[in-house]
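With PDB, C-alpha atoms and all ligand atoms inside, this is protein-v5.pdb:
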MODEL        1
ATOM      1  CA  MET A 924     -27.575  37.889 -17.020
ATOM      2  CA  ILE A 925     -27.909  35.910 -13.788
ATOM      3  CA  ASP A 926     -24.596  35.232 -12.040
ATOM      4  CA  PHE A 927     -25.060  31.453 -11.901
ATOM      5  CA  SER A 928     -21.675  30.792 -10.387
ATOM      6  CA  ARG A 929     -22.665  32.939  -7.452
ATOM      7  CA  VAL A 930     -26.044  31.175  -7.122
ATOM      8  CA  GLN A 931     -24.244  27.827  -7.193
ATOM      9  CA  LYS A 932     -21.900  29.047  -4.492
ATOM     10  CA  GLU A 933     -24.805  30.240  -2.357
ATOM     11  CA  LEU A 934     -26.476  26.849  -2.616
ATOM     12  CA  GLN A 935     -23.264  25.107  -1.595
ATOM     13  CA  ASP A 936     -22.797  27.437   1.368
ATOM     14  CA  CYS A 937     -26.400  26.851   2.404
ATOM     15  CA  SER A 938     -26.114  23.089   2.394
ATOM     16  CA  ARG A 939     -22.784  23.289   4.197
ATOM     17  CA  ASP A 940     -24.160  25.528   6.962
ATOM     18  CA  ASN A 941     -25.683  23.179   9.428
ATOM     19  CA  ASP A 942     -26.797  25.952  11.707
ATOM     20  CA  SER A 943     -29.867  25.723  13.852
ATOM     21  CA  SER A 944     -31.941  28.073  11.662
ATOM     22  CA  GLY A 945     -33.442  25.203   9.646
ATOM     23  CA  ILE A 946     -33.546  27.491   6.615
ATOM     24  CA  ARG A 947     -32.919  25.684   3.328
ATOM     25  CA  VAL A 948     -32.735  26.582  -0.336
ATOM     26  CA  SER A 949     -32.940  24.057  -3.153
ATOM     27  CA  PRO A 950     -33.321  24.309  -6.913
ATOM     28  CA  LYS A 951     -36.685  23.343  -8.371
ATOM     29  CA  ALA A 952     -35.294  21.738 -11.492
ATOM     30  CA  ASP A 953     -31.879  21.568 -13.088
ATOM     31  CA  ASN A 954     -31.762  25.212 -13.979
ATOM     32  CA  LEU A 955     -31.118  27.680 -11.215
ATOM     33  CA  THR A 956     -33.712  30.284 -12.075
ATOM     34  CA  ARG A 957     -36.443  28.800  -9.897
ATOM     35  CA  LEU A 958     -35.753  27.651  -6.383
ATOM     36  CA  THR A 959     -37.621  26.724  -3.251
ATOM     37  CA  GLY A 960     -36.830  28.173   0.141
ATOM     38  CA  THR A 961     -37.965  26.519   3.348
ATOM     39  CA  ILE A 962     -38.246  28.274   6.691
ATOM     40  CA  PRO A 963     -39.458  26.875   9.984
ATOM     41  CA  GLY A 964     -42.032  29.003  11.791
ATOM     42  CA  PRO A 965     -40.291  30.888  14.612
ATOM     43  CA  ILE A 966     -40.753  29.524  18.122
ATOM     44  CA  GLY A 967     -43.098  31.505  20.330
ATOM     45  CA  THR A 968     -45.178  32.755  17.384
ATOM     46  CA  PRO A 969     -48.451  31.464  15.906
ATOM     47  CA  TYR A 970     -46.291  29.977  13.126
ATOM     48  CA  GLU A 971     -44.356  27.695  15.485
ATOM     49  CA  GLY A 972     -44.271  24.080  14.333
ATOM     50  CA  GLY A 973     -45.067  24.970  10.741
ATOM     51  CA  THR A 974     -42.781  24.596   7.755
ATOM     52  CA  PHE A 975     -43.200  27.334   5.170
ATOM     53  CA  GLN A 976     -42.255  27.007   1.514
ATOM     54  CA  ILE A 977     -41.258  30.027  -0.497
ATOM     55  CA  ASP A 978     -41.152  30.140  -4.294
ATOM     56  CA  ILE A 979     -38.045  31.933  -5.467
ATOM     57  CA  THR A 980     -37.599  33.279  -8.985
ATOM     58  CA  MET A 981     -34.226  34.688  -9.902
ATOM     59  CA  PRO A 982     -34.390  37.873 -11.969
ATOM     60  CA  GLU A 983     -32.076  38.405 -14.930
ATOM     61  CA  GLY A 984     -30.072  40.977 -12.999
ATOM     62  CA  TYR A 985     -29.325  38.882  -9.899
ATOM     63  CA  PRO A 986     -27.473  39.723  -7.645
ATOM     64  CA  PHE A 987     -28.034  43.370  -8.585
ATOM     65  CA  GLU A 988     -31.795  42.903  -8.423
ATOM     66  CA  PRO A 989     -33.565  41.178  -5.524
ATOM     67  CA  PRO A 990     -34.783  37.606  -5.879
ATOM     68  CA  LYS A 991     -38.564  37.408  -6.252
ATOM     69  CA  MET A 992     -39.979  35.592  -3.260
ATOM     70  CA  GLN A 993     -43.533  34.526  -2.600
ATOM     71  CA  PHE A 994     -44.987  32.148  -0.047
ATOM     72  CA  SER A 995     -46.407  29.008  -1.628
ATOM     73  CA  THR A 996     -47.558  27.814   1.800
ATOM     74  CA  ARG A 997     -50.601  29.825   2.809
ATOM     75  CA  VAL A 998     -49.954  32.061   5.801
ATOM     76  CA  TRP A 999     -51.963  34.523   7.903
ATOM     77  CA  HIS A1000     -49.710  37.537   8.477
ATOM     78  CA  PRO A1001     -50.185  41.322   8.025
ATOM     79  CA  ASN A1002     -47.242  41.650   5.632
ATOM     80  CA  ILE A1003     -47.980  38.587   3.514
ATOM     81  CA  SER A1004     -50.940  38.322   1.165
ATOM     82  CA  SER A1005     -53.293  35.627   2.418
ATOM     83  CA  GLN A1006     -54.363  35.188  -1.214
ATOM     84  CA  SER A1007     -51.204  35.239  -3.268
ATOM     85  CA  GLY A1008     -48.378  34.811  -0.773
ATOM     86  CA  ALA A1009     -46.797  38.123  -1.882
ATOM     87  CA  ILE A1010     -44.396  39.477   0.739
ATOM     88  CA  CYS A1011     -44.048  43.112   1.766
ATOM     89  CA  LEU A1012     -40.438  43.417   2.871
ATOM     90  CA  ASP A1013     -38.107  46.328   2.078
ATOM     91  CA  ILE A1014     -35.004  44.243   1.381
ATOM     92  CA  LEU A1015     -36.918  42.362  -1.320
ATOM     93  CA  LYS A1016     -37.667  45.721  -2.922
ATOM     94  CA  ASP A1017     -35.738  48.990  -2.816
ATOM     95  CA  GLN A1018     -33.543  48.054   0.144
ATOM     96  CA  TRP A1019     -31.964  45.085  -1.617
ATOM     97  CA  SER A1020     -28.175  45.034  -1.841
ATOM     98  CA  PRO A1021     -25.959  42.612  -3.782
ATOM     99  CA  ALA A1022     -24.161  41.797  -0.524
ATOM    100  CA  LEU A1023     -27.356  40.070   0.646
ATOM    101  CA  THR A1024     -27.986  36.450  -0.301
ATOM    102  CA  LEU A1025     -30.902  34.058  -0.680
ATOM    103  CA  LYS A1026     -30.113  32.795   2.800
ATOM    104  CA  THR A1027     -29.984  36.232   4.436
ATOM    105  CA  ALA A1028     -33.181  37.221   2.614
ATOM    106  CA  LEU A1029     -34.918  34.119   3.971
ATOM    107  CA  VAL A1030     -33.602  34.935   7.438
ATOM    108  CA  SER A1031     -35.280  38.343   7.076
ATOM    109  CA  VAL A1032     -38.515  36.719   5.943
ATOM    110  CA  GLN A1033     -38.360  34.490   9.009
ATOM    111  CA  ALA A1034     -37.766  37.566  11.176
ATOM    112  CA  LEU A1035     -40.814  39.167   9.565
ATOM    113  CA  LEU A1036     -42.885  36.207  10.791
ATOM    114  CA  SER A1037     -41.709  37.037  14.330
ATOM    115  CA  ALA A1038     -42.223  40.776  14.010
ATOM    116  CA  PRO A1039     -45.223  41.787  11.879
ATOM    117  CA  GLU A1040     -45.488  45.430  10.842
ATOM    118  CA  PRO A1041     -49.237  46.034  10.589
ATOM    119  CA  LYS A1042     -48.658  49.710   9.729
ATOM    120  CA  ASP A1043     -47.065  48.731   6.425
ATOM    121  CA  PRO A1044     -49.459  45.951   5.430
ATOM    122  CA  GLN A1045     -49.552  43.699   2.411
ATOM    123  CA  ASP A1046     -52.881  42.229   3.459
ATOM    124  CA  ALA A1047     -55.181  44.927   4.812
ATOM    125  CA  VAL A1048     -57.707  42.470   6.264
ATOM    126  CA  VAL A1049     -55.095  40.642   8.300
ATOM    127  CA  ALA A1050     -53.479  43.895   9.399
ATOM    128  CA  GLU A1051     -56.773  45.292  10.622
ATOM    129  CA  GLN A1052     -57.461  42.139  12.583
ATOM    130  CA  TYR A1053     -53.950  42.276  14.046
ATOM    131  CA  ILE A1054     -54.497  45.834  15.267
ATOM    132  CA  LYS A1055     -58.119  45.617  16.391
ATOM    133  CA  ASN A1056     -58.444  42.073  17.610
ATOM    134  CA  TYR A1057     -55.065  40.605  18.386
ATOM    135  CA  GLN A1058     -56.368  37.438  20.056
ATOM    136  CA  VAL A1059     -58.471  36.554  17.016
ATOM    137  CA  PHE A1060     -55.455  37.235  14.810
ATOM    138  CA  VAL A1061     -53.322  34.838  16.854
ATOM    139  CA  SER A1062     -55.843  32.053  16.721
ATOM    140  CA  THR A1063     -56.461  32.495  12.993
ATOM    141  CA  ALA A1064     -52.732  32.511  12.262
ATOM    142  CA  ARG A1065     -52.302  29.403  14.416
ATOM    143  CA  TYR A1066     -55.176  27.664  12.654
ATOM    144  CA  TRP A1067     -53.663  28.439   9.238
ATOM    145  CA  THR A1068     -50.319  27.070  10.425
ATOM    146  CA  GLU A1069     -52.014  23.854  11.564
ATOM    147  CA  THR A1070     -53.960  23.556   8.328
ATOM    148  CA  PHE A1071     -51.465  24.581   5.678
ATOM    149  CA  ALA A1072     -47.950  24.500   7.110
ATOM    150  CA  LYS A1073     -48.027  21.189   8.936
ATOM    151  CA  ASN A1074     -49.371  19.369   5.927
ATOM    152  CA  SER A1075     -45.767  18.472   5.388
ATOM    153  CA  SER A1076     -46.183  15.144   3.675
ATOM    154  CA  LEU A1077     -43.878  16.371   0.897
ATOM    155  CA  GLU A1078     -41.270  17.363   3.457
ATOM    156  CA  GLU A1079     -41.616  14.014   5.182
ATOM    157  CA  LYS A1080     -41.098  12.210   1.877
ATOM    158  CA  VAL A1081     -38.085  14.359   1.088
ATOM    159  CA  LYS A1082     -36.590  13.738   4.509
ATOM    160  CA  LYS A1083     -37.030   9.991   4.226
ATOM    161  CA  LEU A1084     -35.377   9.798   0.811
ATOM    162  CA  VAL A1085     -32.563  12.156   1.812
ATOM    163  CA  GLU A1086     -31.895   9.914   4.801
ATOM    164  CA  MET A1087     -31.479   7.030   2.346
ATOM    165  CA  GLY A1088     -28.509   8.922   0.960
ATOM    166  CA  PHE A1089     -29.857  10.905  -1.996
ATOM    167  CA  GLY A1090     -29.260  14.619  -2.506
ATOM    168  CA  ASP A1091     -31.980  17.038  -1.492
ATOM    169  CA  ALA A1092     -32.328  18.598  -4.963
ATOM    170  CA  GLN A1093     -32.381  15.191  -6.684
ATOM    171  CA  VAL A1094     -35.030  13.938  -4.281
ATOM    172  CA  ARG A1095     -37.232  16.973  -4.819
ATOM    173  CA  SER A1096     -37.114  16.774  -8.597
ATOM    174  CA  ALA A1097     -37.730  12.994  -8.472
ATOM    175  CA  ILE A1098     -40.799  13.481  -6.277
ATOM    176  CA  GLU A1099     -42.017  16.280  -8.488
ATOM    177  CA  SER A1100     -41.570  14.332 -11.715
ATOM    178  CA  SER A1101     -43.356  11.309 -10.243
ATOM    179  CA  GLY A1102     -46.337  13.371  -9.231
ATOM    180  CA  GLY A1103     -45.646  12.996  -5.512
ATOM    181  CA  ASP A1104     -45.450   9.198  -5.597
ATOM    182  CA  GLU A1105     -42.751   8.261  -3.133
ATOM    183  CA  ASN A1106     -42.103   4.757  -4.461
ATOM    184  CA  LEU A1107     -41.895   5.892  -8.045
ATOM    185  CA  ALA A1108     -39.517   8.643  -6.956
ATOM    186  CA  LEU A1109     -37.323   6.061  -5.210
ATOM    187  CA  GLU A1110     -37.264   3.901  -8.345
ATOM    188  CA  LYS A1111     -36.207   6.901 -10.396
ATOM    189  CA  LEU A1112     -33.468   7.790  -7.934
ATOM    190  CA  CYS A1113     -32.138   4.206  -7.905
ATOM    191  CA  SER A1114     -32.082   3.939 -11.656
ATOM    192  CA  GLY A1115     -30.020   7.158 -11.655
TER     193      GLY A1115
ATOM    194  CA  MET B1378     -63.533  40.119  -8.917
ATOM    195  CA  GLN B1379     -61.291  38.025  -6.711
ATOM    196  CA  GLU B1380     -58.461  38.459  -9.182
ATOM    197  CA  LEU B1381     -58.978  42.181  -9.161
ATOM    198  CA  ILE B1382     -58.687  42.203  -5.388
ATOM    199  CA  ASN B1383     -55.531  40.082  -5.539
ATOM    200  CA  GLY B1384     -54.105  42.522  -8.037
ATOM    201  CA  LEU B1385     -54.849  45.542  -5.869
ATOM    202  CA  ASP B1386     -53.307  43.738  -2.939
ATOM    203  CA  SER B1387     -49.927  43.983  -4.611
ATOM    204  CA  ILE B1388     -50.363  47.338  -6.345
ATOM    205  CA  ILE B1389     -51.590  49.460  -3.452
ATOM    206  CA  PRO B1390     -48.467  49.216  -1.266
ATOM    207  CA  GLU B1391     -46.375  50.221  -4.291
ATOM    208  CA  MET B1392     -48.627  53.176  -5.018
ATOM    209  CA  LEU B1393     -48.261  54.367  -1.451
ATOM    210  CA  GLU B1394     -44.481  54.330  -1.748
ATOM    211  CA  ASP B1395     -44.584  56.999  -4.434
ATOM    212  CA  GLY B1396     -44.966  59.808  -1.898
ATOM    213  CA  GLY B1397     -41.643  58.911  -0.246
ATOM    214  CA  PRO B1398     -38.087  59.861  -1.119
ATOM    215  CA  PRO B1399     -37.141  60.194  -4.793
ATOM    216  CA  ARG B1400     -35.699  57.206  -6.629
ATOM    217  CA  VAL B1401     -32.032  56.886  -5.742
ATOM    218  CA  PRO B1402     -29.759  58.007  -8.588
ATOM    219  CA  PRO B1403     -26.450  56.360  -9.569
ATOM    220  CA  ALA B1404     -23.181  57.390  -7.960
ATOM    221  CA  SER B1405     -21.347  60.263  -9.620
ATOM    222  CA  LYS B1406     -19.285  58.949 -12.555
ATOM    223  CA  GLU B1407     -16.398  61.213 -11.628
ATOM    224  CA  VAL B1408     -16.340  60.063  -8.009
ATOM    225  CA  VAL B1409     -16.426  56.398  -9.060
ATOM    226  CA  GLU B1410     -13.554  56.927 -11.486
ATOM    227  CA  LYS B1411     -11.448  58.410  -8.709
ATOM    228  CA  LEU B1412     -12.051  55.620  -6.196
ATOM    229  CA  PRO B1413      -8.719  54.229  -5.018
ATOM    230  CA  VAL B1414      -7.770  50.776  -6.259
ATOM    231  CA  ILE B1415      -5.791  48.618  -3.867
ATOM    232  CA  VAL B1416      -4.075  45.322  -4.581
ATOM    233  CA  PHE B1417      -4.912  42.381  -2.344
ATOM    234  CA  SER B1418      -1.541  41.536  -0.842
ATOM    235  CA  GLU B1419       0.090  38.915   1.361
ATOM    236  CA  GLU B1420      -0.279  41.362   4.255
ATOM    237  CA  LEU B1421      -3.987  41.917   3.673
ATOM    238  CA  LEU B1422      -4.464  38.164   3.412
ATOM    239  CA  LYS B1423      -2.849  37.792   6.837
ATOM    240  CA  GLU B1424      -4.956  40.607   8.227
ATOM    241  CA  LEU B1425      -8.312  39.489   6.800
ATOM    242  CA  GLY B1426      -7.778  35.722   6.702
ATOM    243  CA  PRO B1427      -8.331  33.216   3.888
ATOM    244  CA  GLU B1428     -12.107  33.627   4.104
ATOM    245  CA  ALA B1429     -11.971  37.234   2.873
ATOM    246  CA  GLU B1430     -14.275  37.562  -0.109
ATOM    247  CA  CYS B1431     -15.767  40.065  -2.477
ATOM    248  CA  CYS B1432     -19.306  40.457  -1.159
ATOM    249  CA  ILE B1433     -20.766  40.733  -4.639
ATOM    250  CA  CYS B1434     -19.367  37.707  -6.504
ATOM    251  CA  LYS B1435     -18.769  35.842  -3.199
ATOM    252  CA  GLU B1436     -15.383  34.617  -4.470
ATOM    253  CA  ASN B1437     -12.485  34.406  -2.035
ATOM    254  CA  LEU B1438      -9.863  37.044  -2.643
ATOM    255  CA  VAL B1439      -6.561  35.955  -4.129
ATOM    256  CA  ILE B1440      -3.265  37.773  -3.859
ATOM    257  CA  GLY B1441      -2.976  40.214  -6.735
ATOM    258  CA  ASP B1442      -6.734  40.917  -6.963
ATOM    259  CA  LYS B1443      -7.364  44.583  -7.684
ATOM    260  CA  MET B1444     -10.004  45.948  -5.340
ATOM    261  CA  GLN B1445     -11.863  49.233  -5.515
ATOM    262  CA  GLU B1446     -12.180  50.910  -2.113
ATOM    263  CA  LEU B1447     -15.170  53.008  -1.118
ATOM    264  CA  PRO B1448     -14.845  55.848   1.433
ATOM    265  CA  CYS B1449     -16.274  53.474   4.080
ATOM    266  CA  LYS B1450     -13.235  51.208   3.420
ATOM    267  CA  HIS B1451     -15.298  48.346   2.005
ATOM    268  CA  THR B1452     -13.655  46.865  -1.084
ATOM    269  CA  PHE B1453     -14.975  45.075  -4.168
ATOM    270  CA  HIS B1454     -13.716  43.860  -7.530
ATOM    271  CA  PRO B1455     -14.200  46.816  -9.906
ATOM    272  CA  PRO B1456     -16.221  44.749 -12.447
ATOM    273  CA  CYS B1457     -18.443  43.490  -9.586
ATOM    274  CA  LEU B1458     -19.055  46.973  -8.192
ATOM    275  CA  LYS B1459     -19.652  48.774 -11.473
ATOM    276  CA  PRO B1460     -23.143  47.450 -12.340
ATOM    277  CA  TRP B1461     -24.306  48.383  -8.829
ATOM    278  CA  LEU B1462     -22.914  51.935  -8.830
ATOM    279  CA  ASP B1463     -24.305  52.453 -12.337
ATOM    280  CA  GLU B1464     -27.750  52.321 -10.733
ATOM    281  CA  HIS B1465     -27.250  53.073  -7.026
ATOM    282  CA  ASN B1466     -25.114  55.376  -4.919
ATOM    283  CA  SER B1467     -24.571  53.272  -1.808
ATOM    284  CA  CYS B1468     -22.077  50.736  -0.488
ATOM    285  CA  PRO B1469     -23.564  47.233  -0.839
ATOM    286  CA  ILE B1470     -22.399  46.360   2.678
ATOM    287  CA  CYS B1471     -23.022  49.406   4.877
ATOM    288  CA  ARG B1472     -25.129  51.667   2.574
ATOM    289  CA  HIS B1473     -22.668  54.555   2.925
ATOM    290  CA  GLU B1474     -23.773  56.991   0.231
ATOM    291  CA  LEU B1475     -21.534  58.327  -2.510
ATOM    292  CA  PRO B1476     -22.221  61.743  -4.060
ATOM    293  CA  THR B1477     -24.401  61.668  -7.176
ATOM    294  CA  ASP B1478     -24.635  63.867 -10.274
ATOM    295  CA  ASP B1479     -28.332  64.429  -9.547
ATOM    296  CA  GLN B1480     -28.780  67.921  -8.112
ATOM    297  CA  LYS B1481     -32.432  67.326  -7.244
ATOM    298  CA  TYR B1482     -31.537  64.267  -5.177
ATOM    299  CA  GLU B1483     -28.626  66.056  -3.477
ATOM    300  CA  ASN B1484     -30.954  68.934  -2.527
ATOM    301  CA  TRP B1485     -33.496  66.515  -1.130
ATOM    302  CA  LYS B1486     -30.775  64.784   0.914
ATOM    303  CA  GLU B1487     -29.556  68.119   2.251
ATOM    304  CA  ARG B1488     -33.081  69.068   3.332
ATOM    305  CA  GLU B1489     -33.553  65.658   4.991
ATOM    306  CA  LYS B1490     -30.303  66.117   6.886
ATOM    307  CA  GLU B1491     -31.359  69.541   8.152
ATOM    308  CA  ALA B1492     -34.790  68.255   9.135
ATOM    309  CA  GLU B1493     -33.151  65.389  11.007
ATOM    310  CA  GLU B1494     -30.865  67.790  12.904
ATOM    311  CA  GLU B1495     -33.814  69.982  13.792
ATOM    312  CA  ARG B1496     -35.682  66.967  15.137
ATOM    313  CA  LYS B1497     -32.663  65.996  17.229
ATOM    314  CA  GLY B1498     -32.274  69.566  18.462
ATOM    315  CA  ALA B1499     -35.920  69.671  19.469
ATOM    316  CA  GLU B1500     -35.581  66.371  21.317
ATOM    317  CA  ASN B1501     -32.557  67.596  23.225
ATOM    318  CA  ALA B1502     -34.334  70.803  24.115
ATOM    319  CA  VAL B1503     -37.280  68.865  25.481
ATOM    320  CA  ARG B1504     -35.154  66.346  27.352
ATOM    321  CA  GLY B1505     -32.881  68.799  29.113
ATOM    322  CA  GLY B1506     -34.031  72.370  29.480
ATOM    323  CA  GLU B1507     -30.487  73.462  30.348
ATOM    324  CA  TYR B1508     -29.375  72.844  26.730
ATOM    325  CA  MET B1509     -31.402  75.850  25.777
ATOM    326  CA  TYR B1510     -29.224  78.195  27.809
ATOM    327  CA  VAL B1511     -25.832  76.831  26.798
TER     328      VAL B1511
HETATM  329 ZN    ZN C   1     -16.197  40.254  -6.920
HETATM  330 ZN    ZN C   2     -19.375  50.235   3.161
ENDMDL
END

Please, can you express the file's structure as structure tokens?
Ligand SMILES: [Zn+2]
Ligand SMILES: [Zn+2]
Amino acid sequence: MIDFSRVQKELQDCSRDNDSSGIRVSPKADNLTRLTGTIPGPIGTPYEGGTFQIDITMPEGYPFEPPKMQFSTRVWHPNISSQSGAICLDILKDQWSPALTLKTALVSVQALLSAPEPKDPQDAVVAEQYIKNYQVFVSTARYWTETFAKNSSLEEKVKKLVEMGFGDAQVRSAIESSGGDENLALEKLCSG
Amino acid sequence: MQELINGLDSIIPEMLEDGGPPRVPPASKEVVEKLPVIVFSEELLKELGPEAECCICKENLVIGDKMQELPCKHTFHPPCLKPWLDEHNSCPICRHELPTDDQKYENWKEREKEAEEERKGAENAVRGGEYMYV
């Protein structure tokens, strides 16, 4: 059984924290089993300037089992599958602890972007390129950031509507249920 | 074919992990039963501040809360800690390990500890030759 009161609390803490990390977590729909995490690409890396979305699925045993996290934004990184977005990170597997949170897990994912570990790869092709041809790796990763992580029209829409005074989660579900149409989403939000 | 490759992508790293340490067993039932229980008091509130929380349920502690204390001094609500120690043997905060009832695991840990000390000994010996004569 998922501890929903804890998840709720985590979400509140996240939205209250206005730290400089830029890391956010919001529910996908009304139920709290599927969420979206957002992390900015770390400065000084090929991911700088990108905004990366992470699909989060809460397992039945949360917080005693780790949340399942997978990049939905495509990313070129030795420890992230360039195909599926699967992440190779110990705290999301056997090093999970119930004292960790969605926020701290996302902080670790962001740290992974800054510090790839090509010796423990998730994507062998990327890892090999990282080791053998670092410059090519950097330019590929940068190109993927430009192509996939700056295509932030959704984020821009969300930002605009949130600035009009609607809640982040509301805005996201309104945009989703109106198929990405900003005006339709606004209508929905206004009609409550 | 592509799907097969995607599948392998996620399976292979897990397969490789199999050669590592054995799966961590739960904490010893007897040890858990004997963990001290402390009551969150006015004094502790003063000492730890109003933000003190149980790191598992993330609820702030209230005076009168019974808290189970691990040897590392980290405390948790007993019902919060139980599901974790039923499957793991470490403190959720600092990973301090409790004894287990699994002899195989305890033997492995003992061997690891000895190997670690040997490594350290070897490093010291290399770094400062004088250690060898002490
Ligand atoms: Zn608790
Ligand atoms: Zn501890």

Given all atoms listed in the file, how would the per-residue table for chain A near chain B read, listing every residue at most 7 Å away with its closest atom pair and distance in Å to one decimal, sorted by chain and number, as a Markdown table?
| residue | atom | partner | partner_atom | distance |
| --- | --- | --- | --- | --- |
| A:Arg929 | CA | B:Cys1434 | CA | 5.9 |
| A:Phe987 | CA | B:Trp1461 | CA | 6.3 |
| A:Gln1006 | CA | B:Asn1383 | CA | 6.6 |
| A:Ser1007 | CA | B:Asn1383 | CA | 6.9 |
| A:Ser1020 | CA | B:Pro1469 | CA | 5.2 |
| A:Pro1021 | CA | B:Ile1433 | CA | 5.6 |
| A:Ala1022 | CA | B:Cys1432 | CA | 5.1 |
| A:Gln1045 | CA | B:Asp1386 | CA | 6.5 |
| A:Asp1046 | CA | B:Asp1386 | CA | 6.6 |

Selection: 12 Å around Glu1079 in chain A, all atoms listed in the file, excl. self and same-chain fewer than 6 positions, as a PDB file with C-alpha atoms, keeping the file's coordinate frame:
ATOM      1  CA  THR A 974     -42.781  24.596   7.755  1.00  0.00           C
ATOM      2  CA  LYS A1073     -48.027  21.189   8.936  1.00  0.00           C
ATOM      3  CA  VAL A1085     -32.563  12.156   1.812  1.00  0.00           C
ATOM      4  CA  GLU A1086     -31.895   9.914   4.801  1.00  0.00           C
ATOM      5  CA  VAL A1094     -35.030  13.938  -4.281  1.00  0.00           C
ATOM      6  CA  ARG A1095     -37.232  16.973  -4.819  1.00  0.00           C
ATOM      7  CA  ILE A1098     -40.799  13.481  -6.277  1.00  0.00           C
ATOM      8  CA  GLY A1103     -45.646  12.996  -5.512  1.00  0.00           C
ATOM      9  CA  GLU A1105     -42.751   8.261  -3.133  1.00  0.00           C
TER      10      GLU A1105
END

Interatomic distance (Å, one decimal) between CA of Asp936 in chain A and CA of Lys1026 in chain A: 9.2 Å

When the PyMOL selection byres (((chain A and resi 1042) around 12) and not hetatm) is applied to the file above, which residues end up in the set, as a PDB file with C-alpha atoms, in the coordinates of the input?
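The result, written out as out.pdb:
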ATOM      1  CA  PRO A1001     -50.185  41.322   8.025  1.00  0.00           C
ATOM      2  CA  ASN A1002     -47.242  41.650   5.632  1.00  0.00           C
ATOM      3  CA  CYS A1011     -44.048  43.112   1.766  1.00  0.00           C
ATOM      4  CA  ALA A1038     -42.223  40.776  14.010  1.00  0.00           C
ATOM      5  CA  PRO A1039     -45.223  41.787  11.879  1.00  0.00           C
ATOM      6  CA  GLU A1040     -45.488  45.430  10.842  1.00  0.00           C
ATOM      7  CA  PRO A1041     -49.237  46.034  10.589  1.00  0.00           C
ATOM      8  CA  ASP A1043     -47.065  48.731   6.425  1.00  0.00           C
ATOM      9  CA  PRO A1044     -49.459  45.951   5.430  1.00  0.00           C
ATOM     10  CA  GLN A1045     -49.552  43.699   2.411  1.00  0.00           C
ATOM     11  CA  ASP A1046     -52.881  42.229   3.459  1.00  0.00           C
ATOM     12  CA  ALA A1047     -55.181  44.927   4.812  1.00  0.00           C
ATOM     13  CA  VAL A1049     -55.095  40.642   8.300  1.00  0.00           C
ATOM     14  CA  ALA A1050     -53.479  43.895   9.399  1.00  0.00           C
ATOM     15  CA  GLU A1051     -56.773  45.292  10.622  1.00  0.00           C
ATOM     16  CA  GLN A1052     -57.461  42.139  12.583  1.00  0.00           C
ATOM     17  CA  TYR A1053     -53.950  42.276  14.046  1.00  0.00           C
ATOM     18  CA  ILE A1054     -54.497  45.834  15.267  1.00  0.00           C
TER      19      ILE A1054
ATOM     20  CA  PRO B1390     -48.467  49.216  -1.266  1.00  0.00           C
TER      21      PRO B1390
END

Pull the closest atom pair for each residue of range 1063-1114 of chain A that gets at most 12 Å from range 937-960 of chain A, along with the distance in Å to one decimal, counting all atoms listed in the file, ordering rows by chain and then ascending residue number, as a tab-separated table.
residue	atom	partner	partner_atom	distance
A:Glu1078	CA	A:Arg947	CA	11.8
A:Val1081	CA	A:Ser949	CA	11.8
A:Gly1090	CA	A:Ser949	CA	10.2
A:Asp1091	CA	A:Ser949	CA	7.3
A:Ala1092	CA	A:Ser949	CA	5.8
A:Gln1093	CA	A:Ala952	CA	8.6
A:Val1094	CA	A:Lys951	CA	10.4
A:Arg1095	CA	A:Lys951	CA	7.3
A:Ser1096	CA	A:Ala952	CA	6.0
A:Ala1097	CA	A:Ala952	CA	9.6
A:Ile1098	CA	A:Lys951	CA	10.9
A:Glu1099	CA	A:Lys951	CA	8.9
A:Ser1100	CA	A:Ala952	CA	9.7

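Relative to CA of Pro1402 in chain B, CA of Tyr1482 in chain B is found at 7.3 Å.
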
What is the CA of Leu1015 in chain A to CA of Pro989 in chain A distance in Å? 5.5 Å

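Using only C-alpha atoms and all ligand atoms for every distance, the candidate list B:Asp1463, B:Asp1479, B:Asp1442, B:Glu1491 yields B:Asp1442 as the residue closest to ligand ZN 1 (chain C).
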
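The environment of Ser1101 in chain A within 9 Å, counting only C-alpha atoms and disregarding residues fewer than 6 places along the same chain, consists of Leu1107, Ala1108 and Lys1111 of chain A.
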
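Considering all atoms listed in the file, the residue among B:Glu1474, B:Glu1500, B:Glu1494, B:Glu1487 positioned nearest to ligand ZN 2 (chain C) is B:Glu1474.
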
Distance query Met1444 in chain B at most 9 Å, all atoms listed in the file, self and fewer than 3 positions along chain excluded, as a ChimeraX atom specification: /B:1413-1417,1431,1452-1455

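Restricting the calculation to all atoms listed in the file, the smallest distance between ligand ZN 2 (chain C) and any of B:His1451, B:Asn1466, B:Lys1459, B:Trp1485 is found for B:His1451.
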
Selected residue of minimal separation from Gly967 in chain A among A:Thr1063, A:Ser1037, A:Thr1024, A:Ser1005, counting only C-alpha atoms: A:Ser1037

Determine the nearest neighbour of ligand ZN 1 (chain C) from the options B:Ser1405, B:Ser1418, B:Gln1445, B:Asn1484, counting all atoms listed in the file. B:Gln1445

Contacts of Leu1025 in chain A at 8 Å (only C-alpha atoms; same-chain gap of 3+ positions) as a PyMOL selection string: chain A and resi 933+948+990+1028-1029

Kindly save the residues from that selection, with C-alpha atoms included, as a short mmCIF file (atom, residue, chain, number, x, y, z; two decimals), in the frame of the given file.
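What landed in again14.cif:
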data_model
loop_
_atom_site.label_atom_id
_atom_site.label_comp_id
_atom_site.auth_asym_id
_atom_site.auth_seq_id
_atom_site.Cartn_x
_atom_site.Cartn_y
_atom_site.Cartn_z
CA GLU A 933 -24.80 30.24 -2.36
CA VAL A 948 -32.74 26.58 -0.34
CA PRO A 990 -34.78 37.61 -5.88
CA ALA A 1028 -33.18 37.22 2.61
CA LEU A 1029 -34.92 34.12 3.97
#
